[in-house]
>>> print(open('coords_6.pdb').read())   # PDB, C-alpha atoms and all ligand atoms
ATOM      1  CA  MET A 291     127.570 112.650 104.336
ATOM      2  CA  THR A 292     125.919 115.906 105.165
ATOM      3  CA  GLU A 293     123.778 116.537 108.211
ATOM      4  CA  PRO A 294     120.367 114.885 107.680
ATOM      5  CA  SER A 295     117.571 117.411 107.314
ATOM      6  CA  PRO A 296     113.823 116.836 107.532
ATOM      7  CA  ARG A 297     113.367 119.381 104.747
ATOM      8  CA  LEU A 298     112.597 118.174 101.259
ATOM      9  CA  ALA A 299     114.943 119.323  98.489
ATOM     10  CA  ALA A 300     112.956 119.188  95.255
ATOM     11  CA  VAL A 301     109.657 118.386  93.631
ATOM     12  CA  ILE A 302     109.797 116.815  90.169
ATOM     13  CA  LEU A 303     106.534 117.236  88.281
ATOM     14  CA  ASP A 304     105.004 115.559  85.269
ATOM     15  CA  TRP A 305     103.691 117.806  82.463
ATOM     16  CA  ALA A 306     100.365 116.809  80.776
ATOM     17  CA  GLY A 307      97.534 116.418  83.278
ATOM     18  CA  THR A 308      99.729 117.667  86.127
ATOM     19  CA  THR A 309     101.026 121.163  85.273
ATOM     20  CA  VAL A 310      99.557 121.723  81.770
ATOM     21  CA  ASP A 311      96.686 120.334  79.646
ATOM     22  CA  HIS A 312      93.872 119.845  82.182
ATOM     23  CA  GLY A 313      92.566 116.289  81.686
ATOM     24  CA  SER A 314      95.632 115.261  79.637
ATOM     25  CA  LEU A 315      93.507 115.588  76.507
ATOM     26  CA  ALA A 316      96.249 116.051  73.893
ATOM     27  CA  PRO A 317      97.892 112.594  73.969
ATOM     28  CA  ALA A 318      94.641 110.590  74.077
ATOM     29  CA  GLY A 319      93.197 112.295  71.003
ATOM     30  CA  VAL A 320      96.324 111.680  68.959
ATOM     31  CA  PHE A 321      96.227 107.904  69.471
ATOM     32  CA  LEU A 322      92.567 107.716  68.437
ATOM     33  CA  ASP A 323      93.482 109.665  65.317
ATOM     34  CA  VAL A 324      96.508 107.594  64.216
ATOM     35  CA  PHE A 325      94.722 104.251  64.654
ATOM     36  CA  ALA A 326      91.761 105.660  62.703
ATOM     37  CA  ARG A 327      94.138 106.431  59.801
ATOM     38  CA  HIS A 328      94.675 102.652  59.584
ATOM     39  CA  GLY A 329      90.936 101.978  59.674
ATOM     40  CA  VAL A 330      91.031 100.792  63.287
ATOM     41  CA  THR A 331      88.774 102.269  65.951
ATOM     42  CA  VAL A 332      90.207 102.322  69.475
ATOM     43  CA  THR A 333      88.463 103.607  72.577
ATOM     44  CA  VAL A 334      89.446 106.576  74.716
ATOM     45  CA  ALA A 335      89.982 104.143  77.602
ATOM     46  CA  GLN A 336      92.407 102.072  75.504
ATOM     47  CA  ALA A 337      94.237 105.239  74.409
ATOM     48  CA  ARG A 338      94.545 106.438  78.011
ATOM     49  CA  GLU A 339      95.513 103.182  79.697
ATOM     50  CA  PRO A 340      99.323 103.417  79.073
ATOM     51  CA  MET A 341      99.427 107.191  79.674
ATOM     52  CA  GLY A 342     102.691 108.529  81.036
ATOM     53  CA  VAL A 343     105.115 106.166  79.303
ATOM     54  CA  HIS A 344     107.335 107.089  76.324
ATOM     55  CA  LYS A 345     105.045 107.565  73.312
ATOM     56  CA  ARG A 346     106.745 104.733  71.380
ATOM     57  CA  GLU A 347     106.109 102.409  74.342
ATOM     58  CA  HIS A 348     102.551 103.807  74.503
ATOM     59  CA  VAL A 349     101.916 102.584  70.931
ATOM     60  CA  ARG A 350     103.508  99.209  71.728
ATOM     61  CA  ARG A 351     101.315  98.734  74.815
ATOM     62  CA  MET A 352      98.154  99.647  72.908
ATOM     63  CA  CYS A 353      99.075  97.186  70.147
ATOM     64  CA  ALA A 354      99.525  94.469  72.797
ATOM     65  CA  MET A 355      95.941  94.872  74.075
ATOM     66  CA  PRO A 356      93.851  91.827  72.996
ATOM     67  CA  ALA A 357      90.896  94.016  71.903
ATOM     68  CA  VAL A 358      93.170  96.266  69.839
ATOM     69  CA  ARG A 359      94.934  93.259  68.283
ATOM     70  CA  ALA A 360      91.534  91.810  67.352
ATOM     71  CA  ALA A 361      90.269  95.103  65.907
ATOM     72  CA  TRP A 362      93.476  95.481  63.863
ATOM     73  CA  ALA A 363      93.315  91.871  62.634
ATOM     74  CA  ALA A 364      89.679  92.333  61.565
ATOM     75  CA  VAL A 365      90.794  95.108  59.195
ATOM     76  CA  HIS A 366      94.300  93.980  58.166
ATOM     77  CA  GLY A 367      94.071  90.189  58.444
ATOM     78  CA  ALA A 368      96.705  89.938  61.181
ATOM     79  CA  PRO A 369      97.512  91.646  64.482
ATOM     80  CA  PRO A 370      99.777  94.732  64.286
ATOM     81  CA  SER A 371     103.404  93.869  63.506
ATOM     82  CA  HIS A 372     106.514  95.639  64.788
ATOM     83  CA  GLU A 373     106.535  97.570  61.497
ATOM     84  CA  ASP A 374     102.914  98.608  62.093
ATOM     85  CA  GLU A 375     103.853  99.830  65.577
ATOM     86  CA  GLU A 376     106.741 101.862  64.177
ATOM     87  CA  ALA A 377     104.444 103.329  61.483
ATOM     88  CA  LEU A 378     101.864 104.313  64.125
ATOM     89  CA  TYR A 379     104.555 105.919  66.272
ATOM     90  CA  ALA A 380     106.037 107.756  63.284
ATOM     91  CA  GLN A 381     102.580 109.220  62.592
ATOM     92  CA  ALA A 382     101.870 109.986  66.249
ATOM     93  CA  VAL A 383     104.922 112.225  66.684
ATOM     94  CA  PRO A 384     104.020 114.945  64.137
ATOM     95  CA  ALA A 385     100.307 114.639  65.007
ATOM     96  CA  GLN A 386     101.148 115.223  68.656
ATOM     97  CA  ILE A 387     103.415 118.173  67.888
ATOM     98  CA  ALA A 388     100.769 119.742  65.636
ATOM     99  CA  CYS A 389      98.082 119.649  68.331
ATOM    100  CA  LEU A 390     100.243 120.561  71.332
ATOM    101  CA  PRO A 391      99.907 124.349  71.042
ATOM    102  CA  ARG A 392      96.164 123.897  71.666
ATOM    103  CA  TYR A 393      96.838 121.756  74.756
ATOM    104  CA  SER A 394      99.550 123.665  76.587
ATOM    105  CA  ASP A 395      97.452 125.787  78.920
ATOM    106  CA  VAL A 396      99.003 125.886  82.376
ATOM    107  CA  ILE A 397      96.590 124.398  84.924
ATOM    108  CA  PRO A 398      95.170 127.089  87.247
ATOM    109  CA  GLY A 399      97.074 127.480  90.509
ATOM    110  CA  VAL A 400     100.316 125.929  89.219
ATOM    111  CA  PRO A 401     102.448 129.125  89.076
ATOM    112  CA  GLN A 402     101.317 130.138  92.571
ATOM    113  CA  ALA A 403     102.022 126.681  94.020
ATOM    114  CA  ILE A 404     105.463 126.586  92.390
ATOM    115  CA  ALA A 405     106.262 130.036  93.797
ATOM    116  CA  ALA A 406     105.216 128.867  97.277
ATOM    117  CA  LEU A 407     107.407 125.752  96.991
ATOM    118  CA  ARG A 408     110.385 127.818  95.825
ATOM    119  CA  ALA A 409     109.817 130.134  98.789
ATOM    120  CA  ARG A 410     110.196 127.037 101.018
ATOM    121  CA  GLY A 411     113.582 126.412  99.382
ATOM    122  CA  LEU A 412     112.574 123.560  97.077
ATOM    123  CA  LYS A 413     113.923 123.204  93.560
ATOM    124  CA  ILE A 414     111.488 122.436  90.754
ATOM    125  CA  GLY A 415     112.198 119.680  88.242
ATOM    126  CA  SER A 416     110.017 118.178  85.526
ATOM    127  CA  THR A 417     109.784 114.956  83.496
ATOM    128  CA  THR A 418     107.420 113.689  80.809
ATOM    129  CA  GLY A 419     106.394 110.869  78.514
ATOM    130  CA  TYR A 420     106.727 113.414  75.690
ATOM    131  CA  VAL A 421     109.908 113.225  73.621
ATOM    132  CA  ARG A 422     112.149 116.310  73.333
ATOM    133  CA  SER A 423     110.558 117.609  70.109
ATOM    134  CA  MET A 424     107.172 117.664  71.923
ATOM    135  CA  LEU A 425     108.510 119.175  75.140
ATOM    136  CA  ASP A 426     110.151 121.918  73.071
ATOM    137  CA  VAL A 427     106.639 122.990  71.984
ATOM    138  CA  VAL A 428     105.050 122.852  75.433
ATOM    139  CA  ALA A 429     107.771 124.308  77.683
ATOM    140  CA  PRO A 430     108.071 127.780  76.093
ATOM    141  CA  LEU A 431     104.261 128.132  76.003
ATOM    142  CA  ALA A 432     104.079 127.213  79.697
ATOM    143  CA  ALA A 433     106.907 129.627  80.532
ATOM    144  CA  ALA A 434     104.961 132.438  78.870
ATOM    145  CA  GLN A 435     102.069 131.605  81.229
ATOM    146  CA  GLY A 436     104.268 131.708  84.323
ATOM    147  CA  TYR A 437     105.392 128.077  84.738
ATOM    148  CA  ALA A 438     109.110 127.462  84.138
ATOM    149  CA  PRO A 439     110.660 124.551  86.077
ATOM    150  CA  ASP A 440     114.404 124.560  86.822
ATOM    151  CA  CYS A 441     114.915 121.556  84.538
ATOM    152  CA  ALA A 442     112.828 119.579  82.039
ATOM    153  CA  LEU A 443     113.654 116.002  80.989
ATOM    154  CA  ALA A 444     111.988 114.254  78.033
ATOM    155  CA  ALA A 445     111.382 110.511  77.725
ATOM    156  CA  ASP A 446     113.981 110.112  74.944
ATOM    157  CA  GLU A 447     116.754 111.705  77.006
ATOM    158  CA  VAL A 448     117.207 108.716  79.330
ATOM    159  CA  PRO A 449     117.866 105.009  78.616
ATOM    160  CA  LEU A 450     114.300 104.057  79.607
ATOM    161  CA  GLY A 451     111.229 106.180  80.318
ATOM    162  CA  ARG A 452     108.669 105.476  83.038
ATOM    163  CA  PRO A 453     108.140 103.297  84.982
ATOM    164  CA  ALA A 454     111.958 103.143  85.077
ATOM    165  CA  PRO A 455     113.427 105.618  87.612
ATOM    166  CA  PHE A 456     115.898 107.271  85.238
ATOM    167  CA  LEU A 457     113.900 110.423  84.379
ATOM    168  CA  LEU A 458     113.569 111.248  88.076
ATOM    169  CA  TRP A 459     117.192 110.435  88.867
ATOM    170  CA  GLN A 460     118.395 112.482  85.862
ATOM    171  CA  ALA A 461     116.257 115.422  87.017
ATOM    172  CA  ALA A 462     117.663 115.083  90.562
ATOM    173  CA  GLN A 463     121.169 115.172  89.117
ATOM    174  CA  ARG A 464     120.395 118.262  87.011
ATOM    175  CA  LEU A 465     119.050 119.941  90.147
ATOM    176  CA  SER A 466     121.978 118.696  92.283
ATOM    177  CA  THR A 467     119.453 117.446  94.847
ATOM    178  CA  TRP A 468     119.739 114.337  97.027
ATOM    179  CA  PRO A 469     119.139 111.970  98.781
ATOM    180  CA  HIS A 470     116.233 110.267  96.972
ATOM    181  CA  ASP A 471     114.031 110.474 100.057
ATOM    182  CA  ALA A 472     114.319 114.288  99.947
ATOM    183  CA  LEU A 473     112.656 114.275  96.502
ATOM    184  CA  VAL A 474     108.961 114.274  95.586
ATOM    185  CA  ALA A 475     107.662 112.892  92.281
ATOM    186  CA  VAL A 476     104.332 114.438  91.263
ATOM    187  CA  GLY A 477     102.144 113.016  88.496
ATOM    188  CA  ASP A 478      98.666 112.059  87.337
ATOM    189  CA  THR A 479      99.174 108.476  86.120
ATOM    190  CA  VAL A 480      99.881 105.003  87.441
ATOM    191  CA  VAL A 481     103.305 104.886  85.761
ATOM    192  CA  ASP A 482     104.191 108.258  87.302
ATOM    193  CA  MET A 483     103.689 106.695  90.739
ATOM    194  CA  GLN A 484     105.492 103.492  89.749
ATOM    195  CA  ALA A 485     108.471 105.543  88.506
ATOM    196  CA  GLY A 486     108.569 107.449  91.800
ATOM    197  CA  ARG A 487     108.516 104.214  93.776
ATOM    198  CA  ASN A 488     111.214 102.721  91.549
ATOM    199  CA  ALA A 489     113.307 105.873  92.105
ATOM    200  CA  ALA A 490     112.725 105.583  95.901
ATOM    201  CA  THR A 491     111.254 109.097  96.094
ATOM    202  CA  TRP A 492     108.064 110.335  97.738
ATOM    203  CA  CYS A 493     105.080 110.207  95.372
ATOM    204  CA  VAL A 494     102.159 112.631  95.101
ATOM    205  CA  GLY A 495      99.256 111.749  92.794
ATOM    206  CA  VAL A 496      97.100 114.390  91.123
ATOM    207  CA  THR A 497      93.454 113.472  90.542
ATOM    208  CA  LEU A 498      90.995 115.995  89.115
ATOM    209  CA  THR A 499      93.256 117.643  86.506
ATOM    210  CA  GLY A 500      94.744 114.357  85.362
ATOM    211  CA  SER A 501      94.368 111.561  82.868
ATOM    212  CA  LEU A 502      92.445 109.194  85.170
ATOM    213  CA  VAL A 503      89.530 111.669  85.321
ATOM    214  CA  GLY A 504      90.282 112.825  81.777
ATOM    215  CA  LEU A 505      88.174 115.975  81.688
ATOM    216  CA  GLY A 506      89.003 119.489  80.540
ATOM    217  CA  ARG A 507      88.476 122.263  83.054
ATOM    218  CA  ALA A 508      85.056 123.322  81.752
ATOM    219  CA  GLU A 509      83.809 119.718  81.571
ATOM    220  CA  LEU A 510      84.960 119.063  85.124
ATOM    221  CA  GLN A 511      83.366 122.227  86.482
ATOM    222  CA  ALA A 512      80.090 121.316  84.782
ATOM    223  CA  LEU A 513      79.831 118.256  87.026
ATOM    224  CA  PRO A 514      77.990 118.501  90.366
ATOM    225  CA  ALA A 515      80.287 118.728  93.394
ATOM    226  CA  SER A 516      79.276 115.235  94.505
ATOM    227  CA  GLU A 517      80.277 113.785  91.128
ATOM    228  CA  GLN A 518      83.609 115.644  91.201
ATOM    229  CA  GLN A 519      84.223 114.176  94.658
ATOM    230  CA  ALA A 520      83.381 110.681  93.414
ATOM    231  CA  ARG A 521      85.791 111.065  90.466
ATOM    232  CA  HIS A 522      88.478 112.374  92.834
ATOM    233  CA  GLU A 523      88.060 109.421  95.179
ATOM    234  CA  ALA A 524      88.185 106.869  92.359
ATOM    235  CA  ALA A 525      91.367 108.380  90.898
ATOM    236  CA  ALA A 526      92.889 108.734  94.386
ATOM    237  CA  ALA A 527      92.320 105.036  95.076
ATOM    238  CA  THR A 528      94.033 104.085  91.801
ATOM    239  CA  LEU A 529      97.005 106.387  92.471
ATOM    240  CA  ARG A 530      97.389 105.193  96.077
ATOM    241  CA  ALA A 531      97.313 101.574  94.893
ATOM    242  CA  ALA A 532     100.101 102.499  92.436
ATOM    243  CA  GLY A 533     102.217 103.920  95.262
ATOM    244  CA  ALA A 534     101.128 107.531  95.968
ATOM    245  CA  HIS A 535     102.051 108.669  99.495
ATOM    246  CA  GLU A 536      99.783 111.710  99.244
ATOM    247  CA  VAL A 537      97.010 112.626  96.811
ATOM    248  CA  VAL A 538      95.890 116.114  95.734
ATOM    249  CA  ARG A 539      93.045 117.356  93.545
ATOM    250  CA  SER A 540      95.450 119.601  91.645
ATOM    251  CA  VAL A 541      98.964 121.031  91.985
ATOM    252  CA  ALA A 542      97.352 124.014  93.723
ATOM    253  CA  GLU A 543      97.194 121.734  96.791
ATOM    254  CA  LEU A 544     100.827 120.603  96.445
ATOM    255  CA  PRO A 545     102.365 122.954  99.067
ATOM    256  CA  ALA A 546     100.094 121.399 101.713
ATOM    257  CA  ALA A 547     101.016 117.877 100.559
ATOM    258  CA  VAL A 548     104.727 118.740 100.684
ATOM    259  CA  ALA A 549     104.276 120.050 104.234
ATOM    260  CA  ALA A 550     102.564 116.771 105.150
ATOM    261  CA  LEU A 551     105.456 114.767 103.650
ATOM    262  CA  GLU A 552     108.016 116.874 105.547
ATOM    263  CA  ALA A 553     106.118 116.107 108.756
ATOM    264  CA  ARG A 554     106.196 112.377 107.923
ATOM    265  CA  ARG A 555     109.922 112.613 107.123
ATOM    266  CA  ALA A 556     110.602 114.466 110.369
ATOM    267  CA  ARG A 557     108.966 111.541 112.207
ATOM    268  CA  GLY A 558     111.491 109.212 110.612
ATOM    269  CA  GLU A 559     109.220 107.878 107.910
ATOM    270  CA  ARG A 560     110.834 107.146 104.532
ATOM    271  CA  PRO A 561     109.191 106.663 101.108
ATOM    272  CA  GLY A 562     109.992 102.953 100.965
ATOM    273  CA  GLY A 563     108.533 102.357 104.440
TER     274      GLY A 563
HETATM  275 MG    MG B 601     100.650 113.211  82.815
END
>>> encode(input="coords_6.pdb", output="structure tokens")
Amino acid sequence: MTEPSPRLAAVILDWAGTTVDHGSLAPAGVFLDVFARHGVTVTVAQAREPMGVHKREHVRRMCAMPAVRAAWAAVHGAPPSHEDEEALYAQAVPAQIACLPRYSDVIPGVPQAIAALRARGLKIGSTTGYVRSMLDVVAPLAAAQGYAPDCALAADEVPLGRPAPFLLWQAAQRLSTWPHDALVAVGDTVVDMQAGRNAATWCVGVTLTGSLVGLGRAELQALPASEQQARHEAAAATLRAAGAHEVVRSVAELPAAVAALEARRARGERPGG
């Protein structure tokens, strides 16, 4: 055992909707597109609902939705089979990779927030529902814009993706940071918060840049301030219900949230409490 410290050791951030791709627009569009190739129309809400899990699991969860099963059966005579799911996933991977360069813009304020966290002595990890071939497109583009975490784990590099805790634990190991209650998981989806809770880390939910609001930067800024606030509050309620200890509008506010968590930790509070 080392001397317990109130200081946090690392933040481990999600990618789409959290640090890049304002609104998490890239993954949602791909699922609409691949179902359409099979003559089946799905809604944006259906495409977004499983967001954050491994993309193969994302397809499986969409195919398990009663409305999607019915829409598929209306066209193909039966609900989607395991083979159909594998075909959809096989099409989603290259479609996702092809569109990723257009959806890899680093969210404003992220490089500055990361620099501030590093100045406080925190290490910076990252995890994603993207598989390695997708992360290999996004990460270099983000690095060129000033965001380069100390490690990056893809969903296919652990036995199970979110909501299992393994991505976060693997990132902690890569960063040589412990104990779990000195770590902060940051993400924009329900499964991001569930994974953080399952990993016994602190959880910070991101609202306005994320998948629950689902708007690009220009679309969001076109909304009146009162509507932005309403969207923030709705997403915050969902993320808190999923386990978020703190909620921020964007990663730009993360240093303040980390300071708040350190104050809670110094008072003896722990993420599971
Ligand atoms: Mg995300």
>>> resolve_selection(input="coords_6.pdb", expression="the PyMOL selection byres (((not hetatm)) within 8 of (chain B and resi 601))", output="list in words")
Asp304, Trp305, Ala306, Gly307, Thr308, Ser314, Met341, Gly342, Thr418, Gly419, Gly477, Asp478, Thr479, Asp482, Gly500 and Ser501 of chain A
>>> residues_around(input="coords_6.pdb", residues="Ser371 in chain A", least_positions_apart="6", cutoff="10 Å", atoms="all atoms listed in the file", output="ChimeraX atom specification")
/A:350,353,359,377
>>> atom_distance(input="coords_6.pdb", atom1="CA of Lys413 in chain A", atom2="CA of Ala300 in chain A")
4.5 Å
>>> residues_around(input="coords_6.pdb", residues="Ala438 in chain A", least_positions_apart="5", cutoff="10 Å", atoms="all atoms listed in the file", output="VMD selection string")
chain A and resid 401 404 414 to 416 429 to 433
>>> axis_aligned_box(input="coords_6.pdb", around="range 457-476 of chain A", padding_each_side="4 Å", output="JSON")
{"center_x": 113.2, "center_y": 115.1, "center_z": 92.2, "size_x": 25.6, "size_y": 17.7, "size_z": 23.7}
>>> residues_around(input="coords_6.pdb", residues="range 462-469 of chain A", least_positions_apart="5", cutoff="10 Å", atoms="all atoms listed in the file", output="compact mmCIF listing (two decimals) with C-alpha atoms, in the coordinates of the input")
# COMPACT_ATOMS: atom_id res chain seq x y z
CA PRO A 294 120.37 114.88 107.68
CA LEU A 298 112.60 118.17 101.26
CA ALA A 299 114.94 119.32 98.49
CA ALA A 300 112.96 119.19 95.26
CA VAL A 301 109.66 118.39 93.63
CA ILE A 302 109.80 116.82 90.17
CA LEU A 412 112.57 123.56 97.08
CA LYS A 413 113.92 123.20 93.56
CA ILE A 414 111.49 122.44 90.75
CA GLY A 415 112.20 119.68 88.24
CA SER A 416 110.02 118.18 85.53
CA ASP A 440 114.40 124.56 86.82
CA CYS A 441 114.92 121.56 84.54
CA ALA A 442 112.83 119.58 82.04
CA LEU A 443 113.65 116.00 80.99
CA PHE A 456 115.90 107.27 85.24
CA LEU A 457 113.90 110.42 84.38
CA ALA A 490 112.72 105.58 95.90
CA THR A 491 111.25 109.10 96.09
>>> residues_near_point(input="coords_6.pdb", point="(102.2, 122.6, 74.2)", cutoff="8 Å", atoms="all atoms listed in the file", output="list in words")
Ile387, Cys389, Leu390, Pro391, Arg392, Tyr393, Ser394, Asp395, Met424, Leu425, Val427, Val428, Ala429, Leu431 and Ala432 of chain A
>>> residues_around(input="coords_6.pdb", residues="Ala360 in chain A", least_positions_apart="4", cutoff="12 Å", atoms="only C-alpha atoms", output="PDB file with C-alpha atoms, keeping the file's coordinate frame")
ATOM      1  CA  VAL A 330      91.031 100.792  63.287  1.00  0.00           C
ATOM      2  CA  THR A 331      88.774 102.269  65.951  1.00  0.00           C
ATOM      3  CA  VAL A 332      90.207 102.322  69.475  1.00  0.00           C
ATOM      4  CA  MET A 352      98.154  99.647  72.908  1.00  0.00           C
ATOM      5  CA  CYS A 353      99.075  97.186  70.147  1.00  0.00           C
ATOM      6  CA  ALA A 354      99.525  94.469  72.797  1.00  0.00           C
ATOM      7  CA  MET A 355      95.941  94.872  74.075  1.00  0.00           C
ATOM      8  CA  PRO A 356      93.851  91.827  72.996  1.00  0.00           C
ATOM      9  CA  ALA A 364      89.679  92.333  61.565  1.00  0.00           C
ATOM     10  CA  VAL A 365      90.794  95.108  59.195  1.00  0.00           C
ATOM     11  CA  HIS A 366      94.300  93.980  58.166  1.00  0.00           C
ATOM     12  CA  GLY A 367      94.071  90.189  58.444  1.00  0.00           C
ATOM     13  CA  ALA A 368      96.705  89.938  61.181  1.00  0.00           C
ATOM     14  CA  PRO A 369      97.512  91.646  64.482  1.00  0.00           C
ATOM     15  CA  PRO A 370      99.777  94.732  64.286  1.00  0.00           C
TER      16      PRO A 370
END
>>> atom_distance(input="coords_6.pdb", atom1="CA of Gln484 in chain A", atom2="CA of Pro453 in chain A")
5.5 Å
>>> closest_residue(input="coords_6.pdb", among="A:Ala388, A:Val537, A:Leu378, A:Ala485", to="Arg452 in chain A", atoms="only C-alpha atoms")
A:Ala485
>>> closest_residue(input="coords_6.pdb", among="A:Pro439, A:Leu450, A:Gly495, A:Arg422", to="Arg408 in chain A", atoms="all atoms listed in the file")
A:Pro439
>>> atom_distance(input="coords_6.pdb", atom1="CA of Val548 in chain A", atom2="CA of Gln518 in chain A")
23.4 Å
>>> closest_residue(input="coords_6.pdb", among="A:Val494, A:Ala318, A:Val541, A:Ala512", to="Pro340 in chain A", atoms="all atoms listed in the file")
A:Ala318
>>> closest_residue(input="coords_6.pdb", among="A:His312, A:Lys345, A:His522, A:His535", to="Arg554 in chain A", atoms="only C-alpha atoms")
A:His535
>>> resolve_selection(input="coords_6.pdb", expression="the PyMOL selection byres (((chain A and resi 506) around 6) and not hetatm)", output="ChimeraX atom specification")
/A:312-313,505,507-509
>>> closest_residue(input="coords_6.pdb", among="A:Asp311, A:Glu375, A:Glu536, A:Asp446", to="Ile397 in chain A", atoms="only C-alpha atoms")
A:Asp311
>>> residues_around(input="coords_6.pdb", residues="Thr333 in chain A", least_positions_apart="4", cutoff="9 Å", atoms="only C-alpha atoms", output="PyMOL selection string")
chain A and resi 322+337-338
>>> closest_residue(input="coords_6.pdb", among="A:Thr499, A:Ser295, A:Gln402, A:Ser516", to="Ala542 in chain A", atoms="all atoms listed in the file")
A:Gln402
>>> resolve_selection(input="coords_6.pdb", expression="the PyMOL selection byres (((chain A and resi 551) around 12) and not hetatm)", output="ChimeraX atom specification")
/A:296-299,301,471-475,491-494,534-537,544-550,552-561
